[in-house]
file my_file.pdb (PDB, C-alpha atoms, pLDDT in the B column)
MODEL        1
ATOM      1  CA  GLU J  29      24.497   9.298 -16.659  1.00 48.00           C
ATOM      2  CA  HIS J  30      21.386   8.419 -18.679  1.00 47.00           C
ATOM      3  CA  ALA J  31      22.530   4.804 -19.001  1.00 47.00           C
ATOM      4  CA  THR J  32      23.122   4.600 -15.254  1.00 47.00           C
ATOM      5  CA  SER J  33      19.662   5.974 -14.585  1.00 44.00           C
ATOM      6  CA  CYS J  34      18.089   3.444 -16.948  1.00 45.00           C
ATOM      7  CA  HIS J  35      20.006   0.651 -15.259  1.00 46.00           C
ATOM      8  CA  LYS J  36      18.678   1.697 -11.847  1.00 43.00           C
ATOM      9  CA  ASN J  37      15.135   1.917 -13.158  1.00 44.00           C
ATOM     10  CA  ASN J  38      15.399  -1.509 -14.755  1.00 44.00           C
ATOM     11  CA  LYS J  39      16.741  -2.933 -11.513  1.00 40.00           C
ATOM     12  CA  GLN J  40      13.843  -1.447  -9.546  1.00 41.00           C
ATOM     13  CA  THR J  41      11.344  -2.757 -12.083  1.00 37.00           C
ATOM     14  CA  THR J  42      12.850  -6.237 -11.915  1.00 36.00           C
ATOM     15  CA  ASN J  43      12.538  -6.315  -8.132  1.00 34.00           C
ATOM     16  CA  LYS J  44       8.838  -5.475  -8.356  1.00 32.00           C
ATOM     17  CA  THR J  45       7.908  -7.834 -11.171  1.00 29.00           C
ATOM     18  CA  ILE J  46       4.881  -9.958 -10.375  1.00 29.00           C
ATOM     19  CA  THR J  47       4.040 -12.896 -12.590  1.00 31.00           C
ATOM     20  CA  PRO J  48       0.363 -12.945 -13.646  1.00 31.00           C
ATOM     21  CA  PRO J  49      -2.135 -13.587 -12.197  1.00 34.00           C
ATOM     22  CA  TYR J  50      -0.436 -12.169  -9.100  1.00 33.00           C
ATOM     23  CA  ILE J  51      -0.665  -8.500  -8.162  1.00 31.00           C
ATOM     24  CA  THR J  52       0.933  -6.426  -5.448  1.00 33.00           C
ATOM     25  CA  ALA J  53      -0.933  -5.110  -2.440  1.00 36.00           C
ATOM     26  CA  SER J  54      -0.594  -1.547  -3.773  1.00 37.00           C
ATOM     27  CA  SER J  55      -2.021  -2.621  -7.123  1.00 36.00           C
ATOM     28  CA  HIS J  56      -4.866  -4.296  -5.238  1.00 38.00           C
ATOM     29  CA  HIS J  57      -5.889  -0.997  -3.652  1.00 40.00           C
ATOM     30  CA  GLN J  58      -5.682   0.769  -7.021  1.00 41.00           C
ATOM     31  CA  LEU J  59      -7.870  -1.877  -8.634  1.00 38.00           C
ATOM     32  CA  ARG J  60     -10.421  -1.551  -5.831  1.00 42.00           C
ATOM     33  CA  ALA J  61     -10.471   2.220  -6.350  1.00 41.00           C
ATOM     34  CA  ASN J  62     -11.274   1.622 -10.010  1.00 41.00           C
ATOM     35  CA  ASN J  63     -13.927  -0.971  -9.145  1.00 41.00           C
ATOM     36  CA  ILE J  64     -11.899  -3.771 -10.747  1.00 37.00           C
ATOM     37  CA  ALA J  65     -11.793  -7.002  -8.766  1.00 39.00           C
ATOM     38  CA  PRO J  66      -8.228  -8.357  -8.511  1.00 39.00           C
ATOM     39  CA  TYR J  67      -7.509 -12.048  -8.784  1.00 38.00           C
ATOM     40  CA  ILE J  68      -4.798 -12.804  -6.262  1.00 43.00           C
ATOM     41  CA  ILE J  69      -2.670 -10.662  -3.992  1.00 41.00           C
ATOM     42  CA  SER J  70       0.998 -11.595  -3.718  1.00 41.00           C
ATOM     43  CA  MET J  71       1.735 -10.407  -0.187  1.00 45.00           C
ATOM     44  CA  ALA J  72       5.308 -11.671   0.047  1.00 46.00           C
ATOM     45  CA  LYS J  73       5.830 -14.044  -2.855  1.00 59.00           C
ATOM     46  CA  PRO J  74       3.628 -15.887  -5.345  1.00 76.00           C
ATOM     47  CA  TYR J  75       2.266 -19.321  -4.512  1.00 88.00           C
ATOM     48  CA  LYS J  76       0.797 -22.047  -6.657  1.00 91.00           C
ATOM     49  CA  LEU J  77      -2.953 -21.741  -7.076  1.00 94.00           C
ATOM     50  CA  ASN J  78      -5.158 -24.479  -5.681  1.00 95.00           C
ATOM     51  CA  ARG J  79      -8.155 -25.758  -7.636  1.00 95.00           C
ATOM     52  CA  MET J  80     -10.575 -23.329  -6.034  1.00 95.00           C
ATOM     53  CA  ALA J  81      -8.355 -20.303  -6.650  1.00 94.00           C
ATOM     54  CA  SER J  82      -7.750 -21.415 -10.242  1.00 95.00           C
ATOM     55  CA  THR J  83     -11.491 -21.593 -10.838  1.00 95.00           C
ATOM     56  CA  ILE J  84     -12.068 -18.169  -9.272  1.00 94.00           C
ATOM     57  CA  HIS J  85      -9.269 -16.649 -11.344  1.00 93.00           C
ATOM     58  CA  LYS J  86     -10.687 -18.108 -14.536  1.00 94.00           C
ATOM     59  CA  VAL J  87     -14.177 -16.817 -13.767  1.00 94.00           C
ATOM     60  CA  GLN J  88     -12.913 -13.330 -12.908  1.00 93.00           C
ATOM     61  CA  SER J  89     -10.778 -13.165 -16.038  1.00 94.00           C
ATOM     62  CA  ILE J  90     -13.672 -14.100 -18.336  1.00 95.00           C
ATOM     63  CA  LEU J  91     -16.714 -12.379 -16.834  1.00 96.00           C
ATOM     64  CA  PRO J  92     -17.249  -8.629 -16.463  1.00 96.00           C
ATOM     65  CA  THR J  93     -16.832  -7.277 -12.943  1.00 94.00           C
ATOM     66  CA  SER J  94     -20.577  -6.769 -12.540  1.00 95.00           C
ATOM     67  CA  LEU J  95     -21.130 -10.537 -12.803  1.00 96.00           C
ATOM     68  CA  HIS J  96     -18.389 -11.588 -10.367  1.00 96.00           C
ATOM     69  CA  PRO J  97     -20.633 -11.682  -7.239  1.00 97.00           C
ATOM     70  CA  ALA J  98     -23.212 -13.913  -8.934  1.00 97.00           C
ATOM     71  CA  ALA J  99     -20.514 -16.278 -10.200  1.00 96.00           C
ATOM     72  CA  LEU J 100     -18.678 -16.415  -6.862  1.00 96.00           C
ATOM     73  CA  THR J 101     -21.961 -17.048  -5.044  1.00 97.00           C
ATOM     74  CA  TYR J 102     -22.879 -19.889  -7.398  1.00 96.00           C
ATOM     75  CA  ILE J 103     -19.482 -21.563  -6.956  1.00 95.00           C
ATOM     76  CA  PHE J 104     -19.553 -21.264  -3.164  1.00 96.00           C
ATOM     77  CA  ASN J 105     -23.193 -22.216  -2.655  1.00 96.00           C
ATOM     78  CA  SER J 106     -22.843 -25.226  -4.943  1.00 95.00           C
ATOM     79  CA  THR J 107     -20.332 -26.601  -2.447  1.00 93.00           C
ATOM     80  CA  VAL J 108     -21.809 -25.316   0.826  1.00 95.00           C
ATOM     81  CA  LYS J 109     -25.499 -26.217   0.629  1.00 95.00           C
ATOM     82  CA  LEU J 110     -26.439 -24.515   3.892  1.00 96.00           C
ATOM     83  CA  ALA J 111     -25.104 -21.212   2.589  1.00 97.00           C
ATOM     84  CA  LYS J 112     -27.409 -21.535  -0.416  1.00 96.00           C
ATOM     85  CA  THR J 113     -30.371 -22.318   1.843  1.00 96.00           C
ATOM     86  CA  ALA J 114     -29.648 -19.281   4.014  1.00 97.00           C
ATOM     87  CA  GLY J 115     -29.219 -16.972   1.022  1.00 97.00           C
ATOM     88  CA  ILE J 116     -25.563 -16.009   1.420  1.00 98.00           C
ATOM     89  CA  ARG J 117     -24.100 -13.897  -1.398  1.00 98.00           C
ATOM     90  CA  ILE J 118     -20.347 -13.587  -1.994  1.00 97.00           C
ATOM     91  CA  ASP J 119     -19.671  -9.983  -2.991  1.00 97.00           C
ATOM     92  CA  TYR J 120     -15.875  -9.971  -3.074  1.00 97.00           C
ATOM     93  CA  LEU J 121     -13.104 -12.562  -2.824  1.00 96.00           C
ATOM     94  CA  SER J 122      -9.317 -12.434  -2.991  1.00 94.00           C
ATOM     95  CA  HIS J 123      -6.619 -14.403  -1.177  1.00 93.00           C
ATOM     96  CA  THR J 124      -6.589 -12.050   1.793  1.00 95.00           C
ATOM     97  CA  ARG J 125     -10.114 -10.640   2.000  1.00 96.00           C
ATOM     98  CA  SER J 126     -13.672 -11.800   1.542  1.00 97.00           C
ATOM     99  CA  THR J 127     -16.970  -9.975   1.795  1.00 98.00           C
ATOM    100  CA  LEU J 128     -20.432 -11.509   1.805  1.00 98.00           C
ATOM    101  CA  THR J 129     -23.973 -10.422   2.561  1.00 98.00           C
ATOM    102  CA  LEU J 130     -26.888 -12.196   4.197  1.00 98.00           C
ATOM    103  CA  PRO J 131     -30.323 -10.572   3.819  1.00 98.00           C
ATOM    104  CA  ASN J 132     -32.952 -10.858   6.528  1.00 97.00           C
ATOM    105  CA  GLN J 133     -35.386 -13.450   5.204  1.00 96.00           C
ATOM    106  CA  LYS J 134     -38.237 -15.178   7.013  1.00 96.00           C
ATOM    107  CA  ARG J 135     -36.710 -18.661   6.803  1.00 95.00           C
ATOM    108  CA  ILE J 136     -33.639 -17.590   8.823  1.00 97.00           C
ATOM    109  CA  GLN J 137     -35.336 -15.254  11.307  1.00 96.00           C
ATOM    110  CA  ASN J 138     -35.609 -15.671  15.048  1.00 95.00           C
ATOM    111  CA  HIS J 139     -38.791 -15.280  17.124  1.00 95.00           C
ATOM    112  CA  ILE J 140     -38.641 -11.452  17.018  1.00 94.00           C
ATOM    113  CA  GLY J 141     -38.106 -11.090  13.276  1.00 95.00           C
ATOM    114  CA  GLY J 142     -34.361 -10.519  13.294  1.00 96.00           C
ATOM    115  CA  LEU J 143     -31.645 -12.735  11.875  1.00 97.00           C
ATOM    116  CA  HIS J 144     -31.302 -15.914  13.901  1.00 97.00           C
ATOM    117  CA  ALA J 145     -28.134 -16.211  15.967  1.00 97.00           C
ATOM    118  CA  CYS J 146     -27.067 -19.281  14.007  1.00 97.00           C
ATOM    119  CA  SER J 147     -27.536 -17.521  10.678  1.00 97.00           C
ATOM    120  CA  MET J 148     -25.188 -14.716  11.757  1.00 98.00           C
ATOM    121  CA  ALA J 149     -22.650 -17.281  12.949  1.00 98.00           C
ATOM    122  CA  LEU J 150     -23.001 -19.035   9.575  1.00 98.00           C
ATOM    123  CA  ALA J 151     -22.182 -15.790   7.769  1.00 98.00           C
ATOM    124  CA  ALA J 152     -19.007 -15.309   9.807  1.00 98.00           C
ATOM    125  CA  GLU J 153     -18.002 -18.944   9.349  1.00 98.00           C
ATOM    126  CA  SER J 154     -18.605 -18.714   5.603  1.00 98.00           C
ATOM    127  CA  ALA J 155     -16.640 -15.474   5.180  1.00 98.00           C
ATOM    128  CA  THR J 156     -13.623 -16.900   6.981  1.00 98.00           C
ATOM    129  CA  GLY J 157     -13.987 -20.376   5.495  1.00 97.00           C
ATOM    130  CA  VAL J 158     -14.047 -19.274   1.858  1.00 97.00           C
ATOM    131  CA  LEU J 159     -10.922 -17.217   2.570  1.00 95.00           C
ATOM    132  CA  ILE J 160      -9.106 -20.259   3.974  1.00 97.00           C
ATOM    133  CA  GLY J 161     -10.349 -22.313   1.041  1.00 96.00           C
ATOM    134  CA  MET J 162      -8.690 -19.901  -1.391  1.00 95.00           C
ATOM    135  CA  ASN J 163      -5.293 -20.594   0.170  1.00 96.00           C
ATOM    136  CA  VAL J 164      -5.104 -24.180   1.437  1.00 96.00           C
ATOM    137  CA  ARG J 165      -3.098 -26.409  -0.890  1.00 96.00           C
ATOM    138  CA  ASP J 166      -4.878 -29.179  -2.766  1.00 96.00           C
ATOM    139  CA  THR J 167      -2.889 -31.722  -0.756  1.00 96.00           C
ATOM    140  CA  HIS J 168      -4.477 -30.415   2.456  1.00 97.00           C
ATOM    141  CA  ILE J 169      -7.958 -29.865   3.881  1.00 96.00           C
ATOM    142  CA  PRO J 170      -9.292 -26.965   5.985  1.00 97.00           C
ATOM    143  CA  LEU J 171     -11.009 -27.704   9.297  1.00 97.00           C
ATOM    144  CA  ILE J 172     -12.950 -25.371  11.584  1.00 97.00           C
ATOM    145  CA  LYS J 173     -11.787 -25.816  15.193  1.00 97.00           C
ATOM    146  CA  THR J 174     -13.389 -23.011  17.171  1.00 98.00           C
ATOM    147  CA  MET J 175     -16.166 -20.508  16.544  1.00 97.00           C
ATOM    148  CA  LYS J 176     -16.014 -17.503  18.851  1.00 98.00           C
ATOM    149  CA  VAL J 177     -19.131 -15.356  18.545  1.00 98.00           C
ATOM    150  CA  ASP J 178     -20.227 -12.688  21.003  1.00 98.00           C
ATOM    151  CA  PHE J 179     -23.757 -11.355  20.519  1.00 97.00           C
ATOM    152  CA  VAL J 180     -23.545  -7.712  21.555  1.00 97.00           C
ATOM    153  CA  ARG J 181     -26.718  -6.088  20.228  1.00 96.00           C
ATOM    154  CA  ARG J 182     -29.956  -6.782  18.394  1.00 96.00           C
ATOM    155  CA  CYS J 183     -29.454  -7.190  14.644  1.00 97.00           C
ATOM    156  CA  GLU J 184     -31.328  -4.761  12.383  1.00 97.00           C
ATOM    157  CA  GLY J 185     -31.990  -6.018   8.872  1.00 97.00           C
ATOM    158  CA  GLY J 186     -29.443  -7.987   6.893  1.00 98.00           C
ATOM    159  CA  ILE J 187     -25.725  -8.197   7.546  1.00 98.00           C
ATOM    160  CA  THR J 188     -22.412  -7.837   5.745  1.00 98.00           C
ATOM    161  CA  ALA J 189     -19.498 -10.001   6.884  1.00 98.00           C
ATOM    162  CA  GLU J 190     -15.895  -9.209   5.975  1.00 98.00           C
ATOM    163  CA  ALA J 191     -12.984 -11.508   6.832  1.00 98.00           C
ATOM    164  CA  SER J 192      -9.286 -10.837   6.340  1.00 96.00           C
ATOM    165  CA  LEU J 193      -5.933 -12.622   6.546  1.00 95.00           C
ATOM    166  CA  SER J 194      -2.696 -11.046   7.719  1.00 93.00           C
ATOM    167  CA  GLU J 195       0.417 -11.307   5.556  1.00 92.00           C
ATOM    168  CA  GLU J 196       1.963 -13.688   8.098  1.00 94.00           C
ATOM    169  CA  ASP J 197      -1.015 -16.044   8.183  1.00 95.00           C
ATOM    170  CA  TYR J 198      -1.338 -15.929   4.402  1.00 94.00           C
ATOM    171  CA  GLY J 199       2.226 -17.211   4.111  1.00 94.00           C
ATOM    172  CA  ARG J 200       1.860 -19.816   6.854  1.00 95.00           C
ATOM    173  CA  ILE J 201      -1.115 -21.481   5.175  1.00 96.00           C
ATOM    174  CA  HIS J 202       0.892 -21.917   1.998  1.00 95.00           C
ATOM    175  CA  GLU J 203       4.183 -22.948   3.595  1.00 94.00           C
ATOM    176  CA  GLU J 204       3.432 -24.958   6.744  1.00 96.00           C
ATOM    177  CA  ASP J 205       2.413 -28.612   6.516  1.00 95.00           C
ATOM    178  CA  ARG J 206      -0.139 -28.164   9.298  1.00 96.00           C
ATOM    179  CA  GLY J 207      -1.214 -25.340  11.527  1.00 97.00           C
ATOM    180  CA  GLU J 208      -4.047 -23.094  12.621  1.00 97.00           C
ATOM    181  CA  VAL J 209      -4.958 -19.396  12.417  1.00 97.00           C
ATOM    182  CA  TRP J 210      -7.525 -17.147  14.001  1.00 97.00           C
ATOM    183  CA  VAL J 211      -9.408 -15.331  11.258  1.00 98.00           C
ATOM    184  CA  PRO J 212     -11.274 -12.181  12.383  1.00 97.00           C
ATOM    185  CA  CYS J 213     -14.597 -11.305  10.805  1.00 98.00           C
ATOM    186  CA  LYS J 214     -16.337  -7.947  11.029  1.00 98.00           C
ATOM    187  CA  VAL J 215     -20.120  -8.227  10.836  1.00 98.00           C
ATOM    188  CA  VAL J 216     -22.222  -5.093  10.296  1.00 98.00           C
ATOM    189  CA  ASP J 217     -26.011  -4.836  10.038  1.00 98.00           C
ATOM    190  CA  GLU J 218     -28.095  -2.351   8.050  1.00 97.00           C
ATOM    191  CA  SER J 219     -27.874   0.236  10.821  1.00 97.00           C
ATOM    192  CA  GLY J 220     -24.089   0.276  10.482  1.00 97.00           C
ATOM    193  CA  GLU J 221     -23.585  -1.346  13.886  1.00 97.00           C
ATOM    194  CA  GLU J 222     -21.971  -4.686  14.756  1.00 98.00           C
ATOM    195  CA  PRO J 223     -24.535  -7.116  16.203  1.00 98.00           C
ATOM    196  CA  ILE J 224     -21.858  -9.756  16.765  1.00 98.00           C
ATOM    197  CA  VAL J 225     -18.101  -9.859  17.288  1.00 98.00           C
ATOM    198  CA  ALA J 226     -16.726 -12.983  15.645  1.00 98.00           C
ATOM    199  CA  SER J 227     -13.476 -14.790  14.938  1.00 97.00           C
ATOM    200  CA  MET J 228     -12.916 -18.336  13.740  1.00 98.00           C
ATOM    201  CA  LEU J 229     -10.036 -20.708  14.405  1.00 98.00           C
ATOM    202  CA  TRP J 230      -9.238 -22.610  11.217  1.00 98.00           C
ATOM    203  CA  ALA J 231      -6.732 -25.428  10.858  1.00 98.00           C
ATOM    204  CA  TRP J 232      -5.253 -27.215   7.868  1.00 97.00           C
ATOM    205  CA  VAL J 233      -3.876 -30.752   7.733  1.00 96.00           C
ATOM    206  CA  ALA J 234      -2.558 -33.022   5.010  1.00 95.00           C
ATOM    207  CA  LYS J 235      -5.078 -35.328   3.387  1.00 93.00           C
ATOM    208  CA  GLN J 236      -4.837 -38.954   4.390  1.00 87.00           C
ATOM    209  CA  LYS J 237      -3.527 -41.148   1.616  1.00 79.00           C
ATOM    210  CA  LYS J 238      -5.885 -43.879   0.560  1.00 73.00           C
ATOM    211  CA  SER J 239      -4.632 -47.278   1.607  1.00 63.00           C
ATOM    212  CA  GLU J 240      -3.982 -49.737  -1.200  1.00 57.00           C
ATOM    213  CA  PRO J 241      -6.288 -52.794  -1.293  1.00 57.00           C
TER     214      PRO J 241
ENDMDL
END

call {"tool": "encode", "arguments": {"input": "my_file.pdb", "output": "structure tokens"}}
result
Amino acid sequence: EHATSCHKNNKQTTNKTITPPYITASSHHQLRANNIAPYIISMAKPYKLNRMASTIHKVQSILPTSLHPAALTYIFNSTVKLAKTAGIRIDYLSHTRSTLTLPNQKRIQNHIGGLHACSMALAAESATGVLIGMNVRDTHIPLIKTMKVDFVRRCEGGITAEASLSEEDYGRIHEEDRGEVWVPCKVVDESGEEPIVASMLWAWVAKQKKSEP
């Protein structure tokens, strides 16, 4: 009976084995509860890391958790110059969720001292874009197709933008040669309210091969 029990336990363990650096969704929530940033969530099955994800994984595995936001921000803003100019900070990044903040600074204010409409749209585009960038294969490129932003109330102070990918869309980006997904983004200001309601339509296509001379 003991041997049978061990066999069942081994079988269950085998079915749940995740090859590093992949972690399960349940492990992801446990890591968040312990304030430990996970590297990559394996929603259905593991996928090969692209260059960006490999870099993020390496940084997160070397640096202490407290330094992750600064490192992620440096990597992102080195590529997206406008994000650096605006002052965007990447606070959290995995394959299915991203969180960033944008403080209210004079250089990105509107005529009444609040965040400019374009700066809030930039935050939503950046939160969704960095999430797509974590998943698109190196043989493909991500392209923004549509920005849907509804301005519903006056923004108070800075904002936090959080984007997320569903399990289905996560898999599609890795498996389909070309396609598009709507990525929702929740934007909250310092009052706890949502000044905008935003979602971005992102596409991915294969890179064009360079023609031989």

call {"tool": "residues_around", "arguments": {"input": "my_file.pdb", "residues": "Glu204 of chain J", "least_positions_apart": "3", "cutoff": "12 Å", "atoms": "all atoms listed in the file", "output": "CSV table (one decimal) with C-alpha atoms, in the frame of the given file"}}
result
chain,number,residue,atom,x,y,z
J,163,ASN,CA,-5.3,-20.6,0.2
J,164,VAL,CA,-5.1,-24.2,1.4
J,165,ARG,CA,-3.1,-26.4,-0.9
J,167,THR,CA,-2.9,-31.7,-0.8
J,168,HIS,CA,-4.5,-30.4,2.5
J,196,GLU,CA,2.0,-13.7,8.1
J,197,ASP,CA,-1.0,-16.0,8.2
J,198,TYR,CA,-1.3,-15.9,4.4
J,199,GLY,CA,2.2,-17.2,4.1
J,200,ARG,CA,1.9,-19.8,6.9
J,201,ILE,CA,-1.1,-21.5,5.2
J,207,GLY,CA,-1.2,-25.3,11.5
J,208,GLU,CA,-4.0,-23.1,12.6
J,209,VAL,CA,-5.0,-19.4,12.4
J,231,ALA,CA,-6.7,-25.4,10.9
J,232,TRP,CA,-5.3,-27.2,7.9
J,233,VAL,CA,-3.9,-30.8,7.7
J,234,ALA,CA,-2.6,-33.0,5.0

call {"tool": "resolve_selection", "arguments": {"input": "my_file.pdb", "expression": "the PyMOL selection byres ((chain J and resi 87) around 12)", "output": "JSON, numbers by chain"}}
result
{"J": [65, 66, 67, 80, 81, 82, 83, 84, 85, 86, 88, 89, 90, 91, 92, 93, 94, 95, 96, 97, 98, 99, 100, 101, 102, 103, 121]}

call {"tool": "closest_residue", "arguments": {"input": "my_file.pdb", "among": "J:Thr124, J:Thr174, J:Ser219, J:Thr113", "to": "Ser194 of chain J", "atoms": "all atoms listed in the file"}}
result
J:Thr124

call {"tool": "resolve_selection", "arguments": {"input": "my_file.pdb", "expression": "the PyMOL selection byres ((chain J and resi 191) around 7)", "output": "NGL selection string"}}
result
:J and (125-127 or 155-156 or 189-190 or 192 or 211-214)

call {"tool": "atom_distance", "arguments": {"input": "my_file.pdb", "atom1": "atom CA of Lys235 of chain J", "atom2": "atom CA of Ile116 of chain J"}}
result
28.2 Å

call {"tool": "atom_distance", "arguments": {"input": "my_file.pdb", "atom1": "atom CA of Met148 of chain J", "atom2": "atom CA of Asp178 of chain J"}}
result
10.7 Å

call {"tool": "atom_distance", "arguments": {"input": "my_file.pdb", "atom1": "atom CA of Gln133 of chain J", "atom2": "atom CA of Ala114 of chain J"}}
result
8.3 Å

call {"tool": "resolve_selection", "arguments": {"input": "my_file.pdb", "expression": "the PyMOL selection byres ((chain J and resi 132) around 9)", "output": "list of chain:residue names"}}
result
J:Leu130, J:Pro131, J:Gln133, J:Lys134, J:Arg135, J:Ile136, J:Gln137, J:Gly141, J:Gly142, J:Leu143, J:Glu184, J:Gly185, J:Gly186, J:Ile187

call {"tool": "axis_aligned_box", "arguments": {"input": "my_file.pdb", "around": "segment 228-234 of chain J", "padding_each_side": "8 Å", "output": "lines of an AutoDock Vina configuration file"}}
result
center_x = -7.7
center_y = -25.7
center_z = 9.7
size_x = 26.4
size_y = 30.7
size_z = 25.4

call {"tool": "closest_residue", "arguments": {"input": "my_file.pdb", "among": "J:His123, J:His202, J:Lys176, J:Lys237", "to": "Leu159 of chain J", "atoms": "all atoms listed in the file"}}
result
J:His123
